[in-house]
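Student: Below are the structure tokens for one structure; questions will follow.
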Amino acid sequence: MPPDLDAWKSTVRKLGDNAGYYMLELRCACGHVAQLEPREIAERADWDTPLDEIAKRARCTQCKQRGATTWDVDRIRRQRWRTKV
Ligand SMILES: [Zn+2]
């Protein structure tokens with residue numbers, strides 16, 4: 001069996017878990033999905049804040065409703081990172 005590369009996701013419960021190295025995905029009841037970087041959120045919340053709490057506090061930018069219905073974590077994609085060596 002190949003190693004489970006997504007196993008770390010289940011260990012992320014607080015903002016500062018996995019050294020804040022992930023993307024937080026919040027899904028609203030209206031279907032809107034927002035991707036946030038933990039260091040962005042950390043400007044307004046403590047690194048110890050549970051992600052459940054952050055999802056509850058978040059406000060949807062589309063329908064203005066407070067509280068995401070689900071949240072998930074994803075790995076960071078370096079789409080804009082180009083380098084020549
Ligand atoms: Zn919404």
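Residue numbering restarts at 1 for every chain of the structure tokens, chains are lettered A, B, ... in their displayed order, and ligands are numbered from 1 as they appear.
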Name the residues of chain A that come out as helix (DSSP H, G or I) in a backbone DSSP run; write them as a ChimeraX atom specification.
Tutor: /A:7-11,17-20,38-41,51-57
Student: Against ligand 1, which residues of chain A fall within 7 Å? For each one I want the closest pair of atoms and the distance in Å (one decimal), counting only C-alpha atoms and all ligand atoms, rows by chain and increasing residue number, as JSON lines.
Tutor:
```
{"residue": "A:Cys28", "atom": "CA", "partner": "ligand 1", "partner_atom_place_in_ligand_line": "1 (Zn)", "distance": 4.6}
{"residue": "A:Ala29", "atom": "CA", "partner": "ligand 1", "partner_atom_place_in_ligand_line": "1 (Zn)", "distance": 5.8}
{"residue": "A:Cys30", "atom": "CA", "partner": "ligand 1", "partner_atom_place_in_ligand_line": "1 (Zn)", "distance": 4.3}
{"residue": "A:Gly31", "atom": "CA", "partner": "ligand 1", "partner_atom_place_in_ligand_line": "1 (Zn)", "distance": 6.3}
{"residue": "A:His32", "atom": "CA", "partner": "ligand 1", "partner_atom_place_in_ligand_line": "1 (Zn)", "distance": 5.3}
{"residue": "A:Cys60", "atom": "CA", "partner": "ligand 1", "partner_atom_place_in_ligand_line": "1 (Zn)", "distance": 4.6}
{"residue": "A:Thr61", "atom": "CA", "partner": "ligand 1", "partner_atom_place_in_ligand_line": "1 (Zn)", "distance": 6.6}
{"residue": "A:Gln62", "atom": "CA", "partner": "ligand 1", "partner_atom_place_in_ligand_line": "1 (Zn)", "distance": 5.0}
{"residue": "A:Cys63", "atom": "CA", "partner": "ligand 1", "partner_atom_place_in_ligand_line": "1 (Zn)", "distance": 4.1}
{"residue": "A:Lys64", "atom": "CA", "partner": "ligand 1", "partner_atom_place_in_ligand_line": "1 (Zn)", "distance": 6.1}
{"residue": "A:Gln65", "atom": "CA", "partner": "ligand 1", "partner_atom_place_in_ligand_line": "1 (Zn)", "distance": 5.7}
```
Student: Keeping only C-alpha atoms, write the selected residues to a file as an mmCIF file, in the first residue's frame.
Tutor:
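Just written: result12.cif:
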```cif
data_model
loop_
_atom_site.group_PDB
_atom_site.id
_atom_site.type_symbol
_atom_site.label_atom_id
_atom_site.label_comp_id
_atom_site.auth_asym_id
_atom_site.auth_seq_id
_atom_site.Cartn_x
_atom_site.Cartn_y
_atom_site.Cartn_z
ATOM 1 C CA CYS A 28 -21.008 27.817 3.232
ATOM 2 C CA ALA A 29 -24.602 26.564 3.014
ATOM 3 C CA CYS A 30 -25.002 28.674 -0.150
ATOM 4 C CA GLY A 31 -22.317 26.607 -1.859
ATOM 5 C CA HIS A 32 -19.571 29.211 -1.670
ATOM 6 C CA CYS A 60 -19.473 34.194 3.878
ATOM 7 C CA THR A 61 -18.394 36.857 1.380
ATOM 8 C CA GLN A 62 -21.170 35.813 -0.984
ATOM 9 C CA CYS A 63 -24.355 35.544 1.080
ATOM 10 C CA LYS A 64 -23.073 37.337 4.231
ATOM 11 C CA GLN A 65 -24.251 34.498 6.438
#
```
Student: Could you tell me how far atom CA of A:Tyr21 lies from atom CA of A:Trp47, in Å and to one decimal?
Tutor: 12.1 Å
Student: Which distance in Å separates atom CA of A:Met23 and atom CA of A:Asp72, to one decimal?
Tutor: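 Spanning atom CA of A:Met23 to atom CA of A:Asp72 is a straight-line distance of 8.4 Å.
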Student: Please identify all polymer residues within 7 Å of A:Pro38, counting only C-alpha atoms, omitting same-chain residues fewer than 2 positions from it, and present them as a VMD selection string.
Tutor: chain A and resid 15 20 23 to 24 36 40 to 42
Student: Restricting it to N, CA and C atoms, dump the selection as a tab-separated table (two decimals), in the first residue's frame.
Tutor:
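Output (again-v6.tsv):
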```
chain	number	residue	atom	x	y	z
A	15	LEU	N	-5.70	26.22	14.62
A	15	LEU	CA	-5.10	27.08	13.60
A	15	LEU	C	-3.59	26.84	13.44
A	20	GLY	N	0.90	25.65	10.88
A	20	GLY	CA	0.14	26.61	10.09
A	20	GLY	C	0.38	26.44	8.59
A	23	MET	N	-3.90	24.92	3.79
A	23	MET	CA	-4.94	25.84	3.37
A	23	MET	C	-6.24	25.41	4.05
A	24	LEU	N	-6.96	26.36	4.58
A	24	LEU	CA	-8.24	26.06	5.21
A	24	LEU	C	-9.36	26.34	4.21
A	36	LEU	N	-8.52	29.87	2.74
A	36	LEU	CA	-7.81	30.86	3.54
A	36	LEU	C	-6.48	30.32	4.01
A	40	GLU	N	-3.17	34.44	7.57
A	40	GLU	CA	-4.14	35.51	7.32
A	40	GLU	C	-5.14	35.58	8.48
A	41	ILE	N	-5.63	34.39	8.86
A	41	ILE	CA	-6.61	34.29	9.95
A	41	ILE	C	-5.97	34.68	11.27
A	42	ALA	N	-4.70	34.37	11.43
A	42	ALA	CA	-3.99	34.62	12.69
A	42	ALA	C	-3.87	36.10	13.02
```
Student: Do a neighbour search on A:Thr49 at 7 Å with only C-alpha atoms, toss out local chain neighbours closer than 4 positions, and write the hits as a VMD selection string.
Tutor: chain A and resid 14 to 15 45 53
Student: Output N, CA and C atoms for every residue in the selection just made, as a PDB file, in the first residue's frame.
Tutor:
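Just written: again-v3.pdb:
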```
ATOM      1  N   LYS A  14      -6.429  22.752  15.241  1.00  0.00           N
ATOM      2  CA  LYS A  14      -6.273  24.141  15.677  1.00  0.00           C
ATOM      3  C   LYS A  14      -5.544  24.905  14.575  1.00  0.00           C
ATOM      4  N   LEU A  15      -5.699  26.220  14.620  1.00  0.00           N
ATOM      5  CA  LEU A  15      -5.100  27.076  13.599  1.00  0.00           C
ATOM      6  C   LEU A  15      -3.593  26.837  13.440  1.00  0.00           C
ATOM      7  N   ALA A  45      -7.207  36.032  14.957  1.00  0.00           N
ATOM      8  CA  ALA A  45      -7.481  34.947  15.907  1.00  0.00           C
ATOM      9  C   ALA A  45      -6.174  34.394  16.454  1.00  0.00           C
ATOM     10  N   GLU A  53     -14.120  26.562  15.738  1.00  0.00           N
ATOM     11  CA  GLU A  53     -14.469  27.903  16.198  1.00  0.00           C
ATOM     12  C   GLU A  53     -14.317  28.916  15.058  1.00  0.00           C
TER      13      GLU A  53
END
```
Student: To one decimal in Å, tell me the separation between atom CA of A:Ala34 and atom CA of A:Asp4.
Tutor: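 Straight-line distance from atom CA of A:Ala34 to atom CA of A:Asp4 works out to 25.4 Å.
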Student: Go through A:Pro50, A:Ala68, A:Ala55, A:Arg44 and flag the residue nearest A:Asp17, using only C-alpha atoms for the distances.
Tutor: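 Among the listed residues, the smallest separation from A:Asp17 belongs to A:Pro50.
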Student: Of the candidates A:Arg39, A:Met1, A:Ile54, A:Ala7, which shows the shortest atom-to-atom distance to A:Ala19, using only C-alpha atoms?
Tutor: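 Counting only C-alpha atoms, the residue closest to A:Ala19 is A:Arg39.
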